[in-house]
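First up is the structure itself, then whatever we jot down about it.
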Amino acid sequence: MTDQLLVKDKDVVVPGETLATGMAFLPTKGTYRDGDRIVAGKIGLVSVEGKVIKLVPLADPYIPKVGDVVVGEVNDVMFSGWRLGLRGPYSAVMNVKDATSDFIGRGVDLTQYFALGDYVFCKIVNVTSQKLIDATMRGQGLRKLIGGRLIQVNPAKVPRIIGREGTMSSMIQQATKTEIVIGQNGVIWVNGEPGLETVAVNAIKMVEDNAHKSGLTQTIKKWLDEQVGGAR
Amino acid sequence: MAYTKRFDGRAIDDTRPITAKVGVVPRADGSAMFQIGNTTAIAAVYGPREMHPKFMQNPRGGVLRCNYNMMPFSGHGDRVRPGQNRRAKEISRVMENALRPVVDLSAFPNAVVDVFVELSQTDAGTRCAGITAAAMALADAGIDMKDLVAAVAVGFVDDRVVADLNYNEEHYNDYSDNPDKDRPVADIPVAVLPGSGLISLLQMDGEVKREHLKEALELGRHVAKKIYEIQKKALKARYME
């Protein structure tokens, strides 16, 4: 069998599509080897680096990982902590000791810290094989989210919304004078002046819808200039 | 040998006209529409999400759950009573079995992926249209899949092996003025994994000879390849201008 690459870099591929034949290429994330074929395992964009074939997913359910920072909703107040919904199949537990350094006696009502329906920006510290998740609020920038508005985006698009080293999100924040907190579970919190909040939300939606296209930063920048200029 | 030309004039190995579209249900995690002739299936995928009832959870991996539903005025003749019935339950189950070999939910213990297939118009071949639409919707939802699944009904109508039977062909023998009404009609839905050519659904109504069955399955594989190309195009179209 000849070694042959059947796709180009940045091609959209669907599950079952043959990406390459022969043994010269290596299947990695999102692809698998079937005999002498390398096959796509989900819908995504192909990325070829030398002989390594990778798939950048276009849609991806969120799988909680240690170190992820996420936006969680307080779903339950327990004896010594809170249960946080992550908008996926699994919920996280945050213990009191990971939430505050205050002294809390026995039987104190924990809702004075976080009540049902509150949103918190927290970090995942532990995940078991059965997806029992521990979260903490000890860490830089982790806090309760007060005011603002929440939107839900596809978790696969989060890296694009953040941008390379945060360029995209900081550009939107600066242009709209809003504060944006992005959870890796696809929940985004936007806080600012209501009109500009809307602009920021629309900008994020635009990034989400066009995440697979290149030159997006420029397009968004131009669009933001038009929008914010008009709002003034 | 009465059936020399098909009711709707197509070739014996030809399908009815096909349209496919991905992303038709905005609130779902993945969705697709697949239309073949007068049969229209809309599939919506939700999840992975927490599974209820809890006793159905599987700690070793996620569960795929399908739901097949014919809409009340979708069919020939009488209104279909809404909700589950024995036929819908069976088809839901065979759709699950047809799709399970390709989906990998091992990363989602105790979770469920729900696939709802609604048939807004039916003219035979609904389970095949449902499976084809569901495979596209699952791919659209970003579920890990080894392959897509393409399904089509093949069959045997009055001495001819045909592809993609419509309602009239399935009921060829019901017409009392048909002089050949004792000739067998077979309706064989097949679901094919296009990459490997493996079959994940094989059912049959009626009767057929061994050699005709072989011929029919070959035809099924051939037609499934064509349907796969349409699925592929529809999925990619979502991300192309």
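Just remember, in the structure tokens the first chain shown is A, the second B, etc., residues are 1-based per chain, and ligands are 1-based in the order shown.
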Compile the contact shell of region 101-110 of chain B as a ChimeraX atom specification: residues with an atom at most 9 Å away, counting only C-alpha atoms, same-chain residues fewer than 2 positions apart removed.
-> /A:63,89-90,129-131 /B:48-51,54,56-64,97-99,112-113,138,143-149,193,200
Could you save the residues just selected, with N, CA and C atoms, as a compact mmCIF listing (two decimals), in the first residue's frame?
# COMPACT_ATOMS: atom_id res chain seq x y z
N ILE A 63 -16.04 17.36 28.25
CA ILE A 63 -15.59 16.33 29.21
C ILE A 63 -14.76 17.05 30.26
N PRO A 89 -23.44 16.32 31.53
CA PRO A 89 -23.98 15.18 32.28
C PRO A 89 -23.50 15.11 33.72
N TYR A 90 -22.42 15.81 34.06
CA TYR A 90 -21.85 15.65 35.39
C TYR A 90 -21.87 16.95 36.18
N SER A 129 -12.77 8.28 37.57
CA SER A 129 -13.15 7.59 36.34
C SER A 129 -14.66 7.59 36.15
N GLN A 130 -15.40 7.68 37.25
CA GLN A 130 -16.86 7.72 37.14
C GLN A 130 -17.37 9.16 37.10
N LYS A 131 -16.44 10.09 36.88
CA LYS A 131 -16.77 11.50 36.71
C LYS A 131 -17.39 12.13 37.96
N PRO B 48 -24.27 14.30 25.41
CA PRO B 48 -24.50 13.47 26.58
C PRO B 48 -25.07 14.27 27.75
N ARG B 49 -26.05 13.70 28.42
CA ARG B 49 -26.64 14.36 29.58
C ARG B 49 -26.94 13.31 30.64
N GLU B 50 -27.31 13.79 31.82
CA GLU B 50 -27.55 12.89 32.93
C GLU B 50 -28.67 11.93 32.59
N MET B 51 -28.49 10.66 32.91
CA MET B 51 -29.53 9.71 32.53
C MET B 51 -30.57 9.52 33.62
N LYS B 54 -32.58 6.60 36.82
CA LYS B 54 -31.21 6.31 37.22
C LYS B 54 -30.82 4.84 37.12
N MET B 56 -31.22 2.92 34.84
CA MET B 56 -30.77 2.58 33.48
C MET B 56 -29.36 3.07 33.20
N GLN B 57 -28.75 3.78 34.15
CA GLN B 57 -27.38 4.26 33.94
C GLN B 57 -26.42 3.10 33.83
N ASN B 58 -25.39 3.31 33.01
CA ASN B 58 -24.35 2.30 32.89
C ASN B 58 -23.02 2.91 33.31
N PRO B 59 -22.46 2.45 34.45
CA PRO B 59 -21.21 3.07 34.93
C PRO B 59 -20.02 2.80 34.02
N ARG B 60 -20.15 1.89 33.08
CA ARG B 60 -19.01 1.60 32.19
C ARG B 60 -18.99 2.49 30.95
N GLY B 61 -20.03 3.21 30.71
CA GLY B 61 -20.04 4.06 29.52
C GLY B 61 -21.41 4.65 29.28
N GLY B 62 -21.49 5.56 28.36
CA GLY B 62 -22.76 6.20 28.07
C GLY B 62 -23.71 5.27 27.35
N VAL B 63 -24.97 5.65 27.37
CA VAL B 63 -26.01 4.84 26.74
C VAL B 63 -26.57 5.63 25.57
N LEU B 64 -26.84 4.93 24.48
CA LEU B 64 -27.50 5.55 23.34
C LEU B 64 -28.97 5.17 23.40
N ASN B 97 -29.69 -0.36 17.89
CA ASN B 97 -28.75 -1.43 17.56
C ASN B 97 -27.98 -1.16 16.28
N ALA B 98 -28.63 -0.46 15.35
CA ALA B 98 -27.96 -0.15 14.09
C ALA B 98 -26.89 0.91 14.28
N LEU B 99 -27.10 1.81 15.26
CA LEU B 99 -26.16 2.93 15.44
C LEU B 99 -25.08 2.62 16.46
N VAL B 112 -26.35 9.69 29.07
CA VAL B 112 -27.16 9.18 27.96
C VAL B 112 -27.10 10.16 26.79
N VAL B 113 -27.14 9.63 25.59
CA VAL B 113 -27.31 10.45 24.40
C VAL B 113 -28.67 10.09 23.83
N LEU B 138 -25.91 12.65 14.98
CA LEU B 138 -24.91 12.28 15.98
C LEU B 138 -23.54 12.86 15.62
N ILE B 143 -20.28 13.67 18.57
CA ILE B 143 -20.07 12.39 19.26
C ILE B 143 -18.95 11.62 18.54
N ASP B 144 -18.11 10.94 19.30
CA ASP B 144 -17.07 10.11 18.69
C ASP B 144 -17.72 8.97 17.92
N MET B 145 -17.39 8.87 16.64
CA MET B 145 -17.98 7.81 15.81
C MET B 145 -16.92 7.19 14.93
N LYS B 146 -16.98 5.87 14.80
CA LYS B 146 -16.06 5.17 13.92
C LYS B 146 -16.39 5.45 12.46
N ASP B 147 -17.65 5.62 12.19
CA ASP B 147 -18.12 5.70 10.82
C ASP B 147 -19.53 6.30 10.86
N LEU B 148 -20.07 6.64 9.72
CA LEU B 148 -21.49 6.99 9.68
C LEU B 148 -22.27 5.71 9.41
N VAL B 149 -23.58 5.80 9.42
CA VAL B 149 -24.40 4.65 9.03
C VAL B 149 -25.36 5.15 7.96
N LEU B 193 -22.40 0.17 7.32
CA LEU B 193 -21.30 1.04 7.72
C LEU B 193 -20.45 1.23 6.47
N SER B 200 -25.35 -3.33 9.92
CA SER B 200 -25.73 -3.22 11.32
C SER B 200 -27.24 -3.32 11.52
Exercise. Please provide the set of residues having any atom within 10 Å of Thr128 (chain A), restricted to only C-alpha atoms, with same-chain residues fewer than 4 positions apart removed, written as a PyMOL selection string.
Key: chain A and resi 65-66+132-134
Would you list which chain A residues are within 7 Å of chain B using only C-alpha atoms, as a PDB file with N, CA and C atoms, in the first residue's frame?
ATOM      1  N   VAL A  12     -12.579  20.022   6.078  1.00  0.00           N
ATOM      2  CA  VAL A  12     -13.622  19.527   6.981  1.00  0.00           C
ATOM      3  C   VAL A  12     -13.829  18.049   6.681  1.00  0.00           C
ATOM      4  N   VAL A  14     -15.682  14.183   8.026  1.00  0.00           N
ATOM      5  CA  VAL A  14     -16.771  13.600   8.815  1.00  0.00           C
ATOM      6  C   VAL A  14     -16.345  12.214   9.296  1.00  0.00           C
ATOM      7  N   PRO A  15     -17.020  11.672  10.318  1.00  0.00           N
ATOM      8  CA  PRO A  15     -16.627  10.355  10.823  1.00  0.00           C
ATOM      9  C   PRO A  15     -16.601   9.309   9.715  1.00  0.00           C
ATOM     10  N   GLY A  16     -15.577   8.482   9.717  1.00  0.00           N
ATOM     11  CA  GLY A  16     -15.483   7.405   8.745  1.00  0.00           C
ATOM     12  C   GLY A  16     -14.724   7.783   7.488  1.00  0.00           C
ATOM     13  N   GLY A  41     -12.524  10.225  13.346  1.00  0.00           N
ATOM     14  CA  GLY A  41     -13.409   9.682  14.376  1.00  0.00           C
ATOM     15  C   GLY A  41     -14.521  10.632  14.775  1.00  0.00           C
ATOM     16  N   LYS A  42     -14.536  11.825  14.231  1.00  0.00           N
ATOM     17  CA  LYS A  42     -15.616  12.771  14.512  1.00  0.00           C
ATOM     18  C   LYS A  42     -15.553  13.889  13.485  1.00  0.00           C
ATOM     19  N   ILE A  43     -16.519  14.791  13.559  1.00  0.00           N
ATOM     20  CA  ILE A  43     -16.514  15.883  12.587  1.00  0.00           C
ATOM     21  C   ILE A  43     -15.495  16.923  13.041  1.00  0.00           C
ATOM     22  N   ALA A  59     -17.414  20.220  16.693  1.00  0.00           N
ATOM     23  CA  ALA A  59     -18.417  20.124  17.744  1.00  0.00           C
ATOM     24  C   ALA A  59     -17.883  19.085  18.710  1.00  0.00           C
ATOM     25  N   ASP A  60     -18.056  19.321  19.997  1.00  0.00           N
ATOM     26  CA  ASP A  60     -17.421  18.441  20.968  1.00  0.00           C
ATOM     27  C   ASP A  60     -18.179  18.545  22.286  1.00  0.00           C
ATOM     28  N   PRO A  61     -18.728  17.452  22.773  1.00  0.00           N
ATOM     29  CA  PRO A  61     -19.335  17.535  24.100  1.00  0.00           C
ATOM     30  C   PRO A  61     -18.254  17.801  25.143  1.00  0.00           C
ATOM     31  N   GLY A  88     -23.717  19.903  31.748  1.00  0.00           N
ATOM     32  CA  GLY A  88     -23.349  18.696  31.029  1.00  0.00           C
ATOM     33  C   GLY A  88     -23.886  17.537  31.827  1.00  0.00           C
ATOM     34  N   PRO A  89     -23.443  16.316  31.526  1.00  0.00           N
ATOM     35  CA  PRO A  89     -23.981  15.179  32.276  1.00  0.00           C
ATOM     36  C   PRO A  89     -23.500  15.112  33.723  1.00  0.00           C
ATOM     37  N   TYR A  90     -22.424  15.813  34.059  1.00  0.00           N
ATOM     38  CA  TYR A  90     -21.847  15.650  35.394  1.00  0.00           C
ATOM     39  C   TYR A  90     -21.874  16.950  36.178  1.00  0.00           C
ATOM     40  N   GLN A 130     -15.401   7.682  37.248  1.00  0.00           N
ATOM     41  CA  GLN A 130     -16.856   7.724  37.136  1.00  0.00           C
ATOM     42  C   GLN A 130     -17.369   9.158  37.104  1.00  0.00           C
TER      43      GLN A 130
END
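Counting only C-alpha atoms and comparing A:Val48, A:Val70, A:Ala135, A:Ile146, the residue that lies closest to Arg87 (chain A) is A:Val70.
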Among B:Glu215, B:Asp8, B:Asp174, B:Glu118, Phe156 (chain B) is approached most closely, using only C-alpha atoms, by B:Glu215
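Summary of the local environment: counting only C-alpha atoms, residues at most 10 Å from Thr4 (chain B), other than itself and those fewer than 4 positions away along its chain, are Ile12, Val157, Asp158, Asp159 and Arg160 of chain B.
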**Request:** With a distance cut-off of 12 Å and only C-alpha atoms, select the neighbouring residues of Glu169 (chain B), excluding the residue or stretch itself and same-chain residues fewer than 5 positions from it, and output the selection as a ChimeraX atom specification.
**Result:** /B:3,5-8,12,123-125,153-158,160-164,174-175,184-187
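Atom to atom, CA of Thr15 (chain B) and CA of Val13 (chain A) stand 25.4 Å apart.
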Open item on the list: Taking only region 61-190 of chain A into account, list the residues labelled alpha helix (DSSP H) by DSSP (computed from the backbone), as a ChimeraX atom specification.
Closed with: /A:158-162,167-176
Grab the residues selected above and save them as a short mmCIF file (atom, residue, chain, number, x, y, z; two decimals), in the first residue's frame with N, CA and C atoms.
data_model
loop_
_atom_site.label_atom_id
_atom_site.label_comp_id
_atom_site.auth_asym_id
_atom_site.auth_seq_id
_atom_site.Cartn_x
_atom_site.Cartn_y
_atom_site.Cartn_z
N VAL A 158 -14.66 27.22 22.53
CA VAL A 158 -14.11 28.05 23.61
C VAL A 158 -12.68 28.52 23.32
N PRO A 159 -11.78 27.62 22.86
CA PRO A 159 -10.42 28.09 22.59
C PRO A 159 -10.39 29.23 21.58
N ARG A 160 -11.31 29.19 20.60
CA ARG A 160 -11.35 30.23 19.58
C ARG A 160 -11.86 31.55 20.17
N ILE A 161 -12.81 31.43 21.10
CA ILE A 161 -13.36 32.65 21.71
C ILE A 161 -12.31 33.31 22.60
N ILE A 162 -11.51 32.47 23.27
CA ILE A 162 -10.42 33.03 24.08
C ILE A 162 -9.36 33.62 23.16
N THR A 167 -6.21 36.82 23.02
CA THR A 167 -6.35 38.01 22.19
C THR A 167 -7.80 38.33 21.87
N MET A 168 -8.55 37.28 21.48
CA MET A 168 -9.93 37.52 21.05
C MET A 168 -10.78 38.06 22.19
N SER A 169 -10.73 37.38 23.34
CA SER A 169 -11.61 37.81 24.43
C SER A 169 -11.19 39.18 24.96
N SER A 170 -9.89 39.45 25.03
CA SER A 170 -9.49 40.76 25.56
C SER A 170 -9.85 41.86 24.57
N MET A 171 -9.83 41.54 23.27
CA MET A 171 -10.23 42.53 22.28
C MET A 171 -11.71 42.90 22.47
N ILE A 172 -12.55 41.86 22.67
CA ILE A 172 -13.98 42.12 22.86
C ILE A 172 -14.20 42.90 24.16
N GLN A 173 -13.46 42.50 25.21
CA GLN A 173 -13.63 43.19 26.49
C GLN A 173 -13.27 44.67 26.38
N GLN A 174 -12.14 44.93 25.71
CA GLN A 174 -11.71 46.32 25.59
C GLN A 174 -12.68 47.15 24.77
N ALA A 175 -13.11 46.57 23.63
CA ALA A 175 -13.97 47.33 22.73
C ALA A 175 -15.31 47.63 23.38
N THR A 176 -15.84 46.69 24.16
CA THR A 176 -17.19 46.87 24.70
C THR A 176 -17.16 47.30 26.17
#
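If only C-alpha atoms are the atoms counted, then among A:Val77, A:Ala211, A:Ala200, A:Val39 the closest residue to Val93 (chain A) is A:Val77.
Each of B:Arg27, B:Arg81, B:Arg16, B:Lys225 was compared to Leu198 (chain B) using only C-alpha atoms, and B:Lys225 turns out to be the nearest.
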Subject >> Residue contacts of Thr126 (chain B) (8 Å, only C-alpha atoms) excluding same-chain residues fewer than 6 positions away, as a ChimeraX atom specification >> reply: /B:39-41,119
Could you save the residues just selected, with all heavy atoms, as a short mmCIF file (atom, residue, chain, number, x, y, z; two decimals), in the first residue's frame?
data_model
loop_
_atom_site.label_atom_id
_atom_site.label_comp_id
_atom_site.auth_asym_id
_atom_site.auth_seq_id
_atom_site.Cartn_x
_atom_site.Cartn_y
_atom_site.Cartn_z
N THR B 39 -40.80 10.33 2.05
CA THR B 39 -40.50 10.00 3.45
C THR B 39 -39.53 11.03 3.99
O THR B 39 -38.47 11.26 3.40
CB THR B 39 -39.88 8.59 3.54
OG1 THR B 39 -40.84 7.65 3.09
CG2 THR B 39 -39.50 8.26 4.96
N THR B 40 -39.91 11.68 5.09
CA THR B 40 -39.05 12.69 5.69
C THR B 40 -38.79 12.34 7.15
O THR B 40 -39.73 12.15 7.92
CB THR B 40 -39.71 14.08 5.64
OG1 THR B 40 -40.10 14.34 4.29
CG2 THR B 40 -38.75 15.16 6.08
N ALA B 41 -37.51 12.26 7.49
CA ALA B 41 -37.13 12.00 8.89
C ALA B 41 -36.35 13.18 9.42
O ALA B 41 -35.48 13.71 8.72
CB ALA B 41 -36.29 10.73 8.99
N LEU B 119 -40.94 11.44 12.20
CA LEU B 119 -41.27 11.25 10.79
C LEU B 119 -42.46 12.14 10.48
O LEU B 119 -43.56 11.91 10.97
CB LEU B 119 -41.65 9.79 10.52
CG LEU B 119 -40.55 8.74 10.37
CD1 LEU B 119 -39.56 9.19 9.31
CD2 LEU B 119 -39.83 8.45 11.65
#
9 Å contact set for Ala88 (chain B), only C-alpha atoms, chain neighbours under 6 positions out, as a count of residues only:
4
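Going from CA of Val22 (chain B) over to CA of Cys128 (chain B), you cover 16.8 Å.
Among B:Met95, B:Val45, B:Val223, B:Ala191, the residue with the shortest atom-to-atom distance to Ala28 (chain B), counting only C-alpha atoms, is B:Val45.
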Every residue of region 156-227 of chain A that DSSP places in strand (DSSP E or B), as a list of chain:residue names:
A:Glu179, A:Ile180, A:Val181, A:Ile182, A:Val187, A:Ile188, A:Trp189, A:Val190, A:Asn191
task = Write out as an NGL selection string the residues lying within 7 Å of region 94-109 of chain A, counting only C-alpha atoms and excluding same-chain residues fewer than 3 positions away.
result = :A and (80-83 or 112 or 134-138)
Restricting it to N, CA, C and O atoms, dump the selection as a compact mmCIF listing (two decimals), in the first residue's frame.
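Full text of again_39.txt as output:
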# COMPACT_ATOMS: atom_id res chain seq x y z
N SER A 80 -21.53 20.20 53.93
CA SER A 80 -20.26 20.92 54.00
C SER A 80 -19.80 21.36 52.62
O SER A 80 -18.62 21.30 52.31
N GLY A 81 -20.73 21.75 51.81
CA GLY A 81 -20.33 22.21 50.49
C GLY A 81 -21.51 22.43 49.57
O GLY A 81 -22.66 22.45 50.00
N TRP A 82 -21.20 22.59 48.31
CA TRP A 82 -22.22 22.89 47.31
C TRP A 82 -22.07 21.95 46.12
O TRP A 82 -20.96 21.52 45.80
N ARG A 83 -23.20 21.66 45.48
CA ARG A 83 -23.15 20.92 44.23
C ARG A 83 -23.32 21.92 43.09
O ARG A 83 -24.23 22.74 43.10
N GLN A 112 -25.34 31.74 52.95
CA GLN A 112 -24.82 33.12 53.05
C GLN A 112 -23.57 33.29 52.18
O GLN A 112 -23.19 34.40 51.86
N ASP A 134 -14.43 17.29 41.84
CA ASP A 134 -14.21 18.24 42.92
C ASP A 134 -13.80 19.58 42.33
O ASP A 134 -12.97 19.62 41.42
N ALA A 135 -14.37 20.64 42.87
CA ALA A 135 -14.02 21.97 42.37
C ALA A 135 -13.52 22.83 43.52
O ALA A 135 -13.80 22.55 44.69
N THR A 136 -12.77 23.86 43.18
CA THR A 136 -12.26 24.77 44.19
C THR A 136 -12.42 26.21 43.71
O THR A 136 -12.53 26.47 42.52
N MET A 137 -12.41 27.12 44.69
CA MET A 137 -12.40 28.53 44.32
C MET A 137 -11.12 29.19 44.77
O MET A 137 -11.01 30.41 44.76
N ARG A 138 -10.17 28.39 45.21
CA ARG A 138 -8.86 28.93 45.55
C ARG A 138 -8.05 29.01 44.27
O ARG A 138 -7.73 27.99 43.66
